[in-house]
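Participant: Please read through the structure below; I'll follow up with questions.
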Amino acid sequence: MNEYMNNAVSTPAGIKLNFNLPRAPVQIDTPLKKERLPFTVRLVQNGDDLEKAIQVRQSAYARHVPEFAESLRLPEHADFEDGVVIFLAESKLDGSAIGTIRIQTNQFNSLELEQTIDLPEWLQNRSIAEATRLGVQGKEGRIVRAALSKAYFQYCQQNGIEWMLVTGRAPVDREYDRMQFQEVYPGMGYIPMKHIGNIPHRVLALKVSVGQARWAEKNQPLFNFFFETQHDDIDVTANTWSTSKRIFRAPTLSVNQ
């Protein structure tokens with residue numbers, strides 16, 4: 001804990017920053033092999049893409065938290081915020097949407113979890129991304145989830161993000177434990193989160209720069225998938241949503257009921 005606090009970024013008195021400091025992106029090692037996936041993962045580019053992501057999001061949440069899922073039938077305000085991107089996984093067979101995840105950085109605004117609780121001192125003035133609204137569907141759900149997680153990691157690498165944050169309800173949080181995420185609020189356990197329908201979640205974090213070494217040390221089962229395999233079907237670049245979404249403020253999507 002003290003290690004992170006000692007490395008905190010100092011700012012002039014009276015000035016409060018979200019993350020707007022220049023950061024050098026972490027170098028991505030050249031993968032050893034290439035592998036094709038039966039689906040693609042890319043960034044949402046337009047309203048049609050967003051509609052597909054919302055349908056997957058709502059359907060996935062309905063299986064586990066049906067009451068909260070009712071609030072996810074339409075776009076959320078966070079979908080249009082600056083510093084937010086949404087990934088969409090689509091089947092190569094028929095183009096159907098089979099997975100999605102939303103990533104918010106703190107470059108422009110506070111993270112969604114900060115609606116509930118303040119960040120600890122060792123995360124203050126750091127470049128952070130929070131993953132929310134992860135949802136998958138179909139028989140390839142496990143590998144789609146892994147691919148979306150890899151997209152999250154690569155997005156953070158390529159954009160110089162220092163810390164990846166997630167919130168996990170039981171028993172999903174145990175997957176993040178296995179992925180070497182650490183407790184952000186040790187001893188607090190499951191915290192009702194306002195942006196997730198007040199459902200209790202643990203908050204966990206992974207430092208991007210040490211993720212690969214930590215996974216290698218712990219023989220994490222997804223190490224080869226993340227770090228020794230090139231997946232051209234996972235594309236974390238070519239995002240135009242950051243500009244076009246400013247025009248798409250008023251939700252007019254016809255999401256299936």
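FYI, nothing fancy with the structure tokens labels: chains A, B, ... in order, residues from 1 per chain, ligands from 1 as they appear.
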Among range 55-240 of chain A, which ones does DSSP place in strand (DSSP E or B), written as a PyMOL selection string?
Facilitator: chain A and resi 84-91+97-105+128-136+163-168+182-183+191-193+199-207+229-230+234
Participant: Those selected residues, please, written with C-alpha atoms and delivered as a CSV table (one decimal), in the first residue's frame.
Facilitator:
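New file out_35.csv:
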chain,number,residue,atom,x,y,z
A,84,VAL,CA,-15.9,6.4,-22.5
A,85,VAL,CA,-15.6,3.6,-25.1
A,86,ILE,CA,-17.7,0.5,-25.6
A,87,PHE,CA,-16.5,-2.7,-27.1
A,88,LEU,CA,-18.7,-5.0,-29.1
A,89,ALA,CA,-18.1,-8.7,-29.9
A,90,GLU,CA,-19.9,-10.0,-33.0
A,91,SER,CA,-20.1,-13.5,-34.5
A,97,ALA,CA,-23.8,-9.4,-31.1
A,98,ILE,CA,-22.5,-11.8,-28.5
A,99,GLY,CA,-20.6,-9.6,-26.0
A,100,THR,CA,-20.0,-6.1,-24.8
A,101,ILE,CA,-18.1,-4.1,-22.2
A,102,ARG,CA,-17.9,-0.4,-21.4
A,103,ILE,CA,-14.6,1.3,-20.4
A,104,GLN,CA,-14.5,4.7,-18.7
A,105,THR,CA,-11.3,6.5,-18.0
A,128,ILE,CA,-7.5,4.9,-14.2
A,129,ALA,CA,-10.0,3.0,-16.3
A,130,GLU,CA,-13.1,1.3,-14.9
A,131,ALA,CA,-14.8,-1.6,-16.7
A,132,THR,CA,-18.6,-1.8,-16.4
A,133,ARG,CA,-21.6,-3.4,-18.2
A,134,LEU,CA,-19.7,-6.6,-19.2
A,135,GLY,CA,-22.1,-9.0,-20.8
A,136,VAL,CA,-21.8,-12.1,-23.0
A,163,TRP,CA,-4.7,1.1,-13.3
A,164,MET,CA,-7.6,-1.1,-14.4
A,165,LEU,CA,-10.5,-1.2,-12.0
A,166,VAL,CA,-13.4,-3.6,-11.9
A,167,THR,CA,-16.4,-4.3,-9.7
A,168,GLY,CA,-17.5,-7.9,-9.1
A,182,GLN,CA,-6.2,-6.7,-5.7
A,183,GLU,CA,-8.7,-5.3,-3.2
A,191,ILE,CA,-20.2,-2.6,-1.2
A,192,PRO,CA,-23.6,-1.6,-2.6
A,193,MET,CA,-22.8,0.3,-5.8
A,199,ILE,CA,-26.1,-4.5,-5.7
A,200,PRO,CA,-23.1,-5.3,-3.4
A,201,HIS,CA,-19.8,-5.6,-5.3
A,202,ARG,CA,-16.1,-5.8,-4.4
A,203,VAL,CA,-13.9,-3.2,-6.0
A,204,LEU,CA,-10.6,-4.6,-7.4
A,205,ALA,CA,-7.6,-3.2,-9.3
A,206,LEU,CA,-4.7,-4.3,-11.4
A,207,LYS,CA,-1.7,-2.3,-12.3
A,229,THR,CA,-1.0,-14.8,-28.9
A,230,GLN,CA,-1.8,-12.2,-31.5
A,234,ILE,CA,-9.5,-7.9,-31.4
Participant: Report, in Å with one decimal, the straight-line distance from CA of Ala151 in chain A to CA of Asp232 in chain A.
Facilitator: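 So the answer is 11.1 Å.
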Participant: Give me, as a PyMOL selection string, the residues of range 38-244 of chain A that a backbone DSSP run labels alpha helix (DSSP H).
Facilitator: chain A and resi 47-64+66-69+141-158+173-178+208-217+223-227+241-244
Participant: Could you name the residues that touch range 212-223 of chain A at 12 Å or less, counting only C-alpha atoms, but leaving out those on the same chain fewer than 2 positions away, as number ranges by chain?
Facilitator: A: 26-29, 31, 142-143, 145-147, 149-150, 153-154, 157, 175-182, 206-210, 225-229
Participant: Would you mind exporting the chosen residues as an mmCIF file, in the first residue's frame, restricted to C-alpha atoms?
Facilitator:
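After the write, again_30.cif holds the following:
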data_model
loop_
_atom_site.group_PDB
_atom_site.id
_atom_site.type_symbol
_atom_site.label_atom_id
_atom_site.label_comp_id
_atom_site.auth_asym_id
_atom_site.auth_seq_id
_atom_site.Cartn_x
_atom_site.Cartn_y
_atom_site.Cartn_z
ATOM 1 C CA VAL A 26 3.311 0.841 -22.043
ATOM 2 C CA GLN A 27 5.240 -1.055 -24.702
ATOM 3 C CA ILE A 28 3.351 -4.100 -25.992
ATOM 4 C CA ASP A 29 5.548 -7.153 -26.620
ATOM 5 C CA PRO A 31 3.192 -11.968 -29.742
ATOM 6 C CA ARG A 142 -16.261 -17.975 -21.840
ATOM 7 C CA ILE A 143 -13.895 -17.191 -24.704
ATOM 8 C CA ARG A 145 -15.432 -12.853 -21.990
ATOM 9 C CA ALA A 146 -11.686 -13.537 -22.175
ATOM 10 C CA ALA A 147 -11.424 -11.604 -25.445
ATOM 11 C CA SER A 149 -10.983 -8.665 -20.997
ATOM 12 C CA LYS A 150 -7.973 -8.735 -23.313
ATOM 13 C CA PHE A 153 -6.123 -4.650 -21.045
ATOM 14 C CA GLN A 154 -4.806 -3.689 -24.497
ATOM 15 C CA GLN A 157 -1.787 -0.359 -22.547
ATOM 16 C CA GLU A 175 -12.531 -14.617 -11.444
ATOM 17 C CA TYR A 176 -10.845 -11.265 -10.849
ATOM 18 C CA ASP A 177 -9.007 -12.739 -7.863
ATOM 19 C CA ARG A 178 -7.638 -15.422 -10.198
ATOM 20 C CA MET A 179 -6.640 -12.659 -12.626
ATOM 21 C CA GLN A 180 -4.495 -11.143 -9.840
ATOM 22 C CA PHE A 181 -6.638 -8.071 -9.221
ATOM 23 C CA GLN A 182 -6.187 -6.711 -5.692
ATOM 24 C CA LEU A 206 -4.725 -4.343 -11.447
ATOM 25 C CA LYS A 207 -1.669 -2.252 -12.263
ATOM 26 C CA VAL A 208 -1.230 -2.486 -16.018
ATOM 27 C CA SER A 209 2.570 -2.325 -16.019
ATOM 28 C CA VAL A 210 2.938 -5.378 -13.754
ATOM 29 C CA PHE A 225 -4.101 -15.975 -24.663
ATOM 30 C CA PHE A 226 -3.287 -12.465 -23.442
ATOM 31 C CA PHE A 227 0.441 -12.136 -23.939
ATOM 32 C CA GLU A 228 1.779 -14.796 -26.304
ATOM 33 C CA THR A 229 -0.957 -14.833 -28.933
#
Participant: Listing only residues of range 195-226 of chain A within 10 Å of range 61-69 of chain A, what is the closest atom pair and its distance in Å (to one decimal) for each, using only C-alpha atoms, sorted by chain and residue number ascending, as CSV?
Facilitator:
residue,atom,partner,partner_atom,distance
A:Ile196,CA,A:Phe68,CA,7.6
A:Gly197,CA,A:Phe68,CA,5.8
A:Asn198,CA,A:Phe68,CA,9.1
A:Ile199,CA,A:Phe68,CA,8.7
Participant: Using CA of Glu112 in chain A and CA of His195 in chain A as the two end points, give the distance in Å to one decimal.
Facilitator: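 Straight-line distance from CA of Glu112 in chain A to CA of His195 in chain A works out to 6.4 Å.
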Participant: For CA of Leu32 in chain A and CA of Asn224 in chain A, determine how far apart the two atoms are, in Å to one decimal place.
Facilitator: 9.3 Å
Participant: May I ask which of the residues A:Glu162, A:Glu140, A:Asp82, A:Asp118 is the closest one to Leu37 in chain A, counting only C-alpha atoms?
Facilitator: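 Going through A:Glu162, A:Glu140, A:Asp82, A:Asp118 one by one, the smallest distance to Leu37 in chain A is for A:Glu140.
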